[in-house]
2 protein chains.
Amino acid sequence: MPENQIVFIGAGNVATNLAFAFLKAGIKNMHIHNRTEQSAKQLAERLKCPYSFNFENIPENADLYIIAISDDAVSEISKNKILKQKIDNNLVVHTAGSISIDVLKLLSGNYGVFYPLQTFSKSKILDFNKIPVCIEASSEFNYNKLLEYASQISDDVRNISSEQRKYIHLAAVFANNFTNRMTGIAEEILKEQNIDFDILLPLLQETFDKIKKENPNKIQTGPAVRNDKKVIEMHLNLLKNKPDLQKIYSFVSKNISEKAH
Amino acid sequence: MPENQIVFIGAGNVATNLAFAFLKAGIKNMHIHNRTEQSAKQLAERLKCPYSFNFENIPENADLYIIAISDDAVSEISKNKILKQKIDNNLVVHTAGSISIDVLKLLSGNYGVFYPLQTFSKSKILDFNKIPVCIEASSEFNYNKLLEYASQISDDVRNISSEQRKYIHLAAVFANNFTNRMTGIAEEILKEQNIDFDILLPLLQETFDKIKKENPNKIQTGPAVRNDKKVIEMHLNLLKNKPDLQKIYSFVSKNISEKAH
C-alpha cells in the first residue's frame, strides 16, 4: 500500500507554507493542483512532487484534500462536480478563516477545516512549530485524523468551531492588517517631513515586546488614555489636510479614552 | 572643579530611564527633583544621588537641567521664577514630544530639547543604545553640548526641529498607542468567545518582523486591500452590537482600500 497522499488545491501563500511544513515532517507524497499551470508547476518543482492544472488530473483516493485558496473562492470550488468525483468521499478540508465548515458538505461526507492563524507569503517559508492550527471536522474520526496531521507540523493545535473561527479571523484583521496600516500611516506622516521610518523601529519593538507580556488594554499609553485634550487637538490640527486620517485619529482616540474612563 | 552635574526635574518614566542611561555611561553627579518627595526619594535612592522636592533646594550652576515631566506640565514649569534663578542661564532642556523648544526661553538664554523616542516605564530600564534621541538647541554651542551628552548614551542621535518633532510624536501615536489599541480590540473580541489572546502572538510577531524589513504600506494584506466586500460585510455584522468598533473597522478598511486602489 502506498504512503498516504495529500493533495493541495491551490498553490498560493498558505498552500506553499503548509506543503513545506508537511515535507519537513517527512510527508513526501504530495500533489499540487492549481488552475494556472505556472503556479502549480512552480510549487511542485520546489517540493519535487507532481502537479495538475486540470481537475481531471487530480489524483483519486488521496488521504487528505486541502483546499488552500482565497476565502472568496472556496464556496465556488465546493460546487465542482469533477473535484467531488475525485475526492470520492475521502477527507477534504479548507484553510479559510471566514468560511464555515458546512460549504464542504457538497464535496464529501468527510470534511473539516484546517486553519493556520498566520500571515504567509510564498517567498518566506515560516517555521510552523509555533503557529496555531485551528481544526474542526464533520466527525470524531475525521477530527482525530486532522489532529494527527496538524500535530506533525505544529505544537499548537486547537479545536475551534466555525463560529469562533469567524471571530478569530476578525480579531486577526485588527491585530495584523490594522496594526500594519497604523504603522503605514506613521510612515506617511514621517515621509512628508523627510524623516526615515526607521526612527520608529525601537518604539515598535518595545510596543510589541510589551504586548507579548501583558494584555494590551492594560498597558495603553498616549494622549487619548490620559485624556490630554491639548495634544489631541494639536494632532488633529496637524492632520487638517487629511480628513480620513483625522477621522481615524479621533475615532480611535475616543475609543481609547472611553475604554479608560 | 567638580564633575559636571545633571539635574533632573521630574522622576517619572522618562527621567528614570534617562538617569540610568547616564549612570551607565559613567555620569554619577546627578540630582533628582520632583514635586512629591516620595517619587524624588525613590529614584534618588536607586541612583544613589541627592534629591529635592522644593525648588529652593535645586542645585545652582549644574551643567545641564533636564525637565522630564508630562508635555502638559512643561509650559507651567517654564514660568517658575525660583527654578529660573537656580538655572541661572545654564543649559536647560525638556524631553517632551509635542512641546516647542521656545517655551524654555522663559527659563534661560541657553536651552534645547532632548527627546528620546521610546515608550518608557519606571519598572523597566531599557538599553538606550539604539533609542533615537532627537536634539535641538538655541545655539550651535548648546547643540554640540547636547550632542556630546546624547552620544554618550545612544548611537542614534538626530538633529530634529520642533516642527518635525511634533510630526514624529504624531507618528508615534499611530505606531505605538494605536497599534496597541488595535491589538487590544482583538483581545476583547477573542475574550468574548473565550479564546486566549495568545493565539494571536505568532501572527503579531510575524506582522512586526515584516514591518521591520519593509515599508508597511507595501506589505498591507487583508480583506480591505483585496476589496473583499463579502468578508468586510461579515465582519461589520459580527460587530453589530459594538458601533464604535464598527466605525473604526469601516474607516480603517476604507482608508486601506482607497490607498491601494
# chains A, B, ... in the order shown; residues from 1 in each chain; ligands from 1
>>> select_by_dssp(residues="region 29-257 of chain A", states="helix (DSSP H, G or I)", output="PyMOL selection string")
chain A and resi 37-47+55-57+71-78+81-87+101-106+128-130+140-153+162-192+197-213+216-218+223-226+229-238+243-257
>>> calpha_fit_and_write(fixed="chain B", moving="chain A", output="compact mmCIF listing (two decimals) with C-alpha atoms, in the first residue's frame")
# COMPACT_ATOMS: atom_id res chain seq x y z
CA MET A 1 36.50 71.68 39.89
CA PRO A 2 33.72 69.16 40.52
CA GLU A 3 32.43 66.84 37.82
CA ASN A 4 29.68 68.30 35.64
CA GLN A 5 26.30 67.81 37.21
CA ILE A 6 22.96 66.85 35.65
CA VAL A 7 19.78 67.93 37.46
CA PHE A 8 16.55 66.15 36.61
CA ILE A 9 13.26 67.97 37.11
CA GLY A 10 10.86 65.03 37.23
CA ALA A 11 11.20 61.45 38.45
CA GLY A 12 8.82 59.63 36.14
CA ASN A 13 9.26 57.08 33.35
CA VAL A 14 11.47 59.23 31.11
CA ALA A 15 13.61 60.70 33.92
CA THR A 16 14.16 57.23 35.38
CA ASN A 17 15.31 55.68 32.11
CA LEU A 18 17.44 58.68 31.13
CA ALA A 19 19.13 58.87 34.52
CA PHE A 20 20.02 55.17 34.40
CA ALA A 21 21.39 55.60 30.89
CA PHE A 22 23.67 58.43 32.06
CA LEU A 23 24.71 56.41 35.08
CA LYS A 24 25.66 53.53 32.80
CA ALA A 25 27.70 56.00 30.72
CA GLY A 26 29.68 56.88 33.83
CA ILE A 27 27.95 60.12 34.84
CA LYS A 28 27.47 59.89 38.59
CA ASN A 29 26.93 63.51 39.59
CA MET A 30 23.15 63.71 39.31
CA HIS A 31 20.36 65.30 41.31
CA ILE A 32 16.66 64.37 41.21
CA HIS A 33 13.98 66.96 41.83
CA ASN A 34 10.29 66.13 41.96
CA ARG A 35 7.32 67.95 43.44
CA THR A 36 6.39 64.89 45.50
CA GLU A 37 9.05 63.78 47.94
CA GLN A 38 8.31 60.08 47.62
CA SER A 39 8.96 59.87 43.87
CA ALA A 40 12.11 61.99 44.12
CA LYS A 41 13.42 59.88 46.98
CA GLN A 42 12.60 56.58 45.31
CA LEU A 43 14.52 57.39 42.13
CA ALA A 44 17.39 59.09 43.99
CA GLU A 45 17.85 56.02 46.17
CA ARG A 46 18.00 53.77 43.12
CA LEU A 47 20.65 56.09 41.64
CA LYS A 48 22.43 56.78 44.93
CA CYS A 49 22.23 60.54 44.37
CA PRO A 50 20.73 63.51 46.26
CA TYR A 51 17.18 64.74 45.70
CA SER A 52 14.85 67.63 46.42
CA PHE A 53 11.12 68.30 46.32
CA ASN A 54 11.27 72.02 46.97
CA PHE A 55 12.52 74.37 44.23
CA GLU A 56 14.69 76.21 46.79
CA ASN A 57 16.80 73.07 47.13
CA ILE A 58 17.61 72.55 43.48
CA PRO A 59 21.38 72.90 42.94
CA GLU A 60 22.67 76.00 41.20
CA ASN A 61 25.16 76.04 38.38
CA ALA A 62 24.61 72.49 37.15
CA ASP A 63 25.93 71.70 33.69
CA LEU A 64 22.53 70.52 32.43
CA TYR A 65 18.96 70.76 33.69
CA ILE A 66 16.62 68.16 32.18
CA ILE A 67 12.90 68.82 32.55
CA ALA A 68 11.39 65.36 32.13
CA ILE A 69 7.74 65.80 33.02
CA SER A 70 4.45 65.39 31.13
CA ASP A 71 4.02 67.52 28.00
CA ASP A 72 1.18 69.36 29.72
CA ALA A 73 3.31 70.42 32.68
CA VAL A 74 6.33 71.79 30.76
CA SER A 75 4.77 75.17 29.92
CA GLU A 76 3.66 75.64 33.50
CA ILE A 77 7.08 74.94 35.00
CA SER A 78 8.78 77.24 32.47
CA LYS A 79 7.20 80.17 34.30
CA ASN A 80 8.69 79.21 37.66
CA LYS A 81 10.82 82.08 38.97
CA ILE A 82 12.77 80.08 41.56
CA LEU A 83 13.73 77.47 39.00
CA LYS A 84 14.90 80.25 36.68
CA GLN A 85 17.12 81.65 39.44
CA LYS A 86 18.61 78.23 40.10
CA ILE A 87 19.32 77.54 36.44
CA ASP A 88 20.96 80.95 36.20
CA ASN A 89 21.42 80.94 32.45
CA ASN A 90 22.88 77.43 32.35
CA LEU A 91 21.62 74.91 29.76
CA VAL A 92 18.07 73.63 30.26
CA VAL A 93 16.23 71.10 28.06
CA HIS A 94 12.86 69.37 28.07
CA THR A 95 12.03 65.85 26.84
CA ALA A 96 8.51 66.45 25.57
CA GLY A 97 7.46 65.34 22.09
CA SER A 98 4.75 67.87 21.47
CA ILE A 99 6.21 71.01 23.09
CA SER A 100 8.20 73.63 21.16
CA ILE A 101 11.74 74.47 22.19
CA ASP A 102 10.62 78.08 22.64
CA VAL A 103 8.77 77.66 25.94
CA LEU A 104 12.15 77.30 27.67
CA LYS A 105 13.22 80.84 26.70
CA LEU A 106 11.50 81.97 29.88
CA LEU A 107 13.93 79.93 32.00
CA SER A 108 17.34 80.55 30.43
CA GLY A 109 19.22 82.01 27.50
CA ASN A 110 20.64 78.54 26.88
CA TYR A 111 18.02 75.93 26.11
CA GLY A 112 17.20 72.92 24.00
CA VAL A 113 15.24 69.71 23.55
CA PHE A 114 16.37 66.19 24.38
CA TYR A 115 13.59 63.90 23.15
CA PRO A 116 14.15 60.13 23.30
CA LEU A 117 11.66 58.41 20.99
CA GLN A 118 10.52 55.46 23.05
CA THR A 119 7.79 54.31 25.43
CA PHE A 120 9.26 54.06 28.93
CA SER A 121 8.22 52.75 32.30
CA LYS A 122 9.90 53.15 35.67
CA SER A 123 9.89 49.43 36.30
CA LYS A 124 11.77 48.49 33.13
CA ILE A 125 15.13 50.12 32.45
CA LEU A 126 15.72 49.97 28.70
CA ASP A 127 19.02 49.78 26.90
CA PHE A 128 19.38 53.30 25.48
CA ASN A 129 21.92 52.34 22.84
CA LYS A 130 19.49 52.02 19.93
CA ILE A 131 16.92 54.56 21.11
CA PRO A 132 16.76 57.59 18.78
CA VAL A 133 17.46 60.81 20.68
CA CYS A 134 16.11 63.92 18.91
CA ILE A 135 18.02 67.03 19.89
CA GLU A 136 17.58 70.71 19.14
CA ALA A 137 19.24 73.72 20.76
CA SER A 138 19.22 77.52 20.96
CA SER A 139 22.80 77.80 19.67
CA GLU A 140 25.49 75.74 17.98
CA PHE A 141 27.45 75.67 21.22
CA ASN A 142 24.47 74.25 23.10
CA TYR A 143 23.72 71.85 20.26
CA ASN A 144 27.22 70.42 20.42
CA LYS A 145 26.96 70.05 24.16
CA LEU A 146 23.68 68.13 23.83
CA LEU A 147 25.17 66.06 21.03
CA GLU A 148 28.01 65.07 23.33
CA TYR A 149 25.66 64.09 26.15
CA ALA A 150 23.30 62.21 23.80
CA SER A 151 26.18 60.37 22.10
CA GLN A 152 27.28 59.01 25.45
CA ILE A 153 24.02 57.11 25.84
CA SER A 154 22.80 56.42 22.29
CA ASP A 155 24.21 55.52 18.87
CA ASP A 156 21.25 57.21 17.19
CA VAL A 157 21.28 60.97 17.82
CA ARG A 158 19.32 63.11 15.36
CA ASN A 159 19.02 66.82 14.68
CA ILE A 160 15.24 67.39 14.73
CA SER A 161 13.38 70.72 14.70
CA SER A 162 10.39 71.45 16.93
CA GLU A 163 8.12 71.32 13.87
CA GLN A 164 9.45 67.90 12.81
CA ARG A 165 9.25 66.66 16.38
CA LYS A 166 5.50 67.39 16.49
CA TYR A 167 5.03 65.13 13.47
CA ILE A 168 7.29 62.43 14.92
CA HIS A 169 5.17 62.51 18.07
CA LEU A 170 2.00 62.21 15.97
CA ALA A 171 3.51 59.31 14.01
CA ALA A 172 4.45 57.65 17.31
CA VAL A 173 0.83 57.86 18.46
CA PHE A 174 -0.20 55.84 15.39
CA ALA A 175 2.74 53.43 15.62
CA ASN A 176 2.57 52.85 19.36
CA ASN A 177 -0.73 53.90 20.98
CA PHE A 178 -2.99 52.99 18.07
CA THR A 179 -1.31 49.68 17.18
CA ASN A 180 -1.57 48.81 20.87
CA ARG A 181 -5.30 49.62 20.85
CA MET A 182 -5.85 47.55 17.66
CA THR A 183 -4.41 44.53 19.44
CA GLY A 184 -6.46 45.49 22.50
CA ILE A 185 -9.62 45.38 20.39
CA ALA A 186 -8.52 41.97 19.09
CA GLU A 187 -8.09 40.82 22.71
CA GLU A 188 -11.64 41.96 23.56
CA ILE A 189 -13.14 40.19 20.55
CA LEU A 190 -11.39 36.93 21.47
CA LYS A 191 -12.23 37.20 25.16
CA GLU A 192 -15.96 37.30 24.40
CA GLN A 193 -15.49 33.99 22.57
CA ASN A 194 -13.43 32.53 25.43
CA ILE A 195 -10.32 32.35 23.27
CA ASP A 196 -6.92 33.16 24.74
CA PHE A 197 -5.17 36.22 23.35
CA ASP A 198 -1.99 34.17 23.02
CA ILE A 199 -3.41 32.59 19.85
CA LEU A 200 -2.52 35.89 18.13
CA LEU A 201 1.09 36.15 19.29
CA PRO A 202 2.77 34.31 16.38
CA LEU A 203 0.74 36.46 13.96
CA LEU A 204 1.75 39.65 15.80
CA GLN A 205 5.37 38.54 15.79
CA GLU A 206 5.33 37.95 12.04
CA THR A 207 3.47 41.23 11.43
CA PHE A 208 6.19 43.08 13.31
CA ASP A 209 9.04 41.12 11.70
CA LYS A 210 7.71 42.13 8.28
CA ILE A 211 7.37 45.82 9.23
CA LYS A 212 11.00 45.82 10.38
CA LYS A 213 12.09 44.78 6.90
CA GLU A 214 9.67 46.57 4.60
CA ASN A 215 7.58 49.71 4.32
CA PRO A 216 4.27 48.66 5.96
CA ASN A 217 2.29 50.23 3.13
CA LYS A 218 3.93 47.86 0.66
CA ILE A 219 3.05 44.72 2.60
CA GLN A 220 -0.55 45.52 3.51
CA THR A 221 -2.74 42.40 3.42
CA GLY A 222 -6.30 41.52 4.44
CA PRO A 223 -9.86 41.89 3.17
CA ALA A 224 -9.69 45.70 2.82
CA VAL A 225 -6.68 45.76 0.50
CA ARG A 226 -8.24 42.93 -1.58
CA ASN A 227 -11.53 44.84 -1.49
CA ASP A 228 -13.22 41.61 -0.36
CA LYS A 229 -16.66 43.07 0.33
CA LYS A 230 -18.19 39.80 1.50
CA VAL A 231 -15.71 39.34 4.33
CA ILE A 232 -15.83 43.05 5.26
CA GLU A 233 -19.62 42.89 5.48
CA MET A 234 -19.48 39.74 7.59
CA HIS A 235 -17.00 41.39 9.97
CA LEU A 236 -19.15 44.52 10.28
CA ASN A 237 -22.05 42.24 11.08
CA LEU A 238 -20.08 40.46 13.81
CA LEU A 239 -19.50 43.92 15.35
CA LYS A 240 -23.14 44.95 15.12
CA ASN A 241 -23.48 45.46 18.88
CA LYS A 242 -20.30 47.52 19.03
CA PRO A 243 -20.94 50.69 17.00
CA ASP A 244 -17.59 52.28 17.96
CA LEU A 245 -15.59 49.28 16.77
CA GLN A 246 -17.77 49.08 13.67
CA LYS A 247 -16.86 52.68 12.86
CA ILE A 248 -13.15 52.04 13.41
CA TYR A 249 -13.34 48.88 11.28
CA SER A 250 -15.02 50.67 8.42
CA PHE A 251 -12.90 53.83 8.46
CA VAL A 252 -9.62 51.93 8.60
CA SER A 253 -10.81 49.48 5.92
CA LYS A 254 -11.92 52.34 3.68
CA ASN A 255 -8.57 54.04 4.20
CA ILE A 256 -6.64 50.85 3.35
CA SER A 257 -8.78 50.19 0.31
CA GLU A 258 -8.50 53.74 -1.07
CA LYS A 259 -4.76 53.75 -0.53
CA ALA A 260 -4.48 50.53 -2.55
CA HIS A 261 -6.81 51.26 -5.47
>>> select_by_dssp(residues="region 29-195 of chain A", states="strand (DSSP E)", output="MDAnalysis selection string")
chainID A and resid 30:33 51:52 64:67 91:94 111:116 133:137 157:159
>>> write_last_selection(atoms="N, CA and C atoms", output="CSV table (one decimal), in the first residue's frame")
chain,number,residue,atom,x,y,z
A,30,MET,N,2.9,14.2,-2.0
A,30,MET,CA,2.0,15.3,-2.1
A,30,MET,C,1.7,15.5,-3.6
A,31,HIS,N,0.6,16.2,-3.9
A,31,HIS,CA,0.3,16.6,-5.2
A,31,HIS,C,-0.2,18.0,-5.2
A,32,ILE,N,0.2,18.9,-6.1
A,32,ILE,CA,-0.3,20.3,-6.2
A,32,ILE,C,-1.2,20.5,-7.4
A,33,HIS,N,-2.4,21.0,-7.1
A,33,HIS,CA,-3.3,21.3,-8.2
A,33,HIS,C,-3.5,22.9,-8.1
A,51,TYR,N,2.1,17.6,-10.3
A,51,TYR,CA,1.1,18.7,-10.2
A,51,TYR,C,0.1,18.5,-11.3
A,52,SER,N,-1.0,19.3,-11.2
A,52,SER,CA,-2.0,19.3,-12.3
A,52,SER,C,-2.6,20.7,-12.3
A,64,LEU,N,-6.0,13.0,2.1
A,64,LEU,CA,-6.4,14.3,2.5
A,64,LEU,C,-6.4,15.3,1.4
A,65,TYR,N,-7.5,16.0,1.1
A,65,TYR,CA,-7.5,17.0,0.1
A,65,TYR,C,-7.6,18.4,0.9
A,66,ILE,N,-6.6,19.2,0.6
A,66,ILE,CA,-6.6,20.5,1.3
A,66,ILE,C,-6.9,21.7,0.3
A,67,ILE,N,-8.0,22.3,0.5
A,67,ILE,CA,-8.3,23.4,-0.4
A,67,ILE,C,-7.8,24.7,0.2
A,91,LEU,N,-11.5,12.5,2.9
A,91,LEU,CA,-11.5,13.7,3.7
A,91,LEU,C,-11.0,15.0,3.0
A,92,VAL,N,-11.8,16.0,3.0
A,92,VAL,CA,-11.5,17.3,2.4
A,92,VAL,C,-11.6,18.4,3.4
A,93,VAL,N,-10.6,19.3,3.4
A,93,VAL,CA,-10.6,20.5,4.3
A,93,VAL,C,-10.4,21.8,3.6
A,94,HIS,N,-10.8,22.9,4.2
A,94,HIS,CA,-10.3,24.2,3.6
A,94,HIS,C,-9.5,24.9,4.7
A,111,TYR,N,-15.4,15.9,6.0
A,111,TYR,CA,-14.9,17.2,5.7
A,111,TYR,C,-14.5,17.9,7.0
A,112,GLY,N,-13.7,19.0,6.8
A,112,GLY,CA,-13.2,19.7,8.0
A,112,GLY,C,-12.6,21.0,7.6
A,113,VAL,N,-12.0,21.6,8.7
A,113,VAL,CA,-11.3,22.9,8.5
A,113,VAL,C,-9.9,22.7,9.1
A,114,PHE,N,-8.9,23.3,8.4
A,114,PHE,CA,-7.5,23.3,8.8
A,114,PHE,C,-7.0,24.7,8.6
A,115,TYR,N,-7.2,25.5,9.7
A,115,TYR,CA,-6.9,27.0,9.5
A,115,TYR,C,-5.7,27.4,10.3
A,116,PRO,N,-4.5,27.6,9.7
A,116,PRO,CA,-3.4,28.1,10.4
A,116,PRO,C,-3.4,29.6,10.6
A,133,VAL,N,-2.8,26.0,14.8
A,133,VAL,CA,-3.6,25.4,13.7
A,133,VAL,C,-5.0,25.1,14.3
A,134,CYS,N,-6.0,25.8,13.8
A,134,CYS,CA,-7.4,25.6,14.3
A,134,CYS,C,-8.1,24.6,13.4
A,135,ILE,N,-8.5,23.5,14.1
A,135,ILE,CA,-9.1,22.4,13.3
A,135,ILE,C,-10.6,22.2,13.8
A,136,GLU,N,-11.3,21.6,12.9
A,136,GLU,CA,-12.8,21.3,13.1
A,136,GLU,C,-13.1,20.2,12.1
A,137,ALA,N,-14.0,19.3,12.4
A,137,ALA,CA,-14.3,18.2,11.5
A,137,ALA,C,-15.7,17.8,11.6
A,157,VAL,N,-2.2,23.0,18.4
A,157,VAL,CA,-3.4,22.6,17.6
A,157,VAL,C,-4.6,22.9,18.5
A,158,ARG,N,-5.6,23.6,17.9
A,158,ARG,CA,-6.7,23.9,18.8
A,158,ARG,C,-8.1,23.5,18.1
A,159,ASN,N,-9.0,23.1,18.9
A,159,ASN,CA,-10.3,22.7,18.5
A,159,ASN,C,-11.2,24.0,18.4
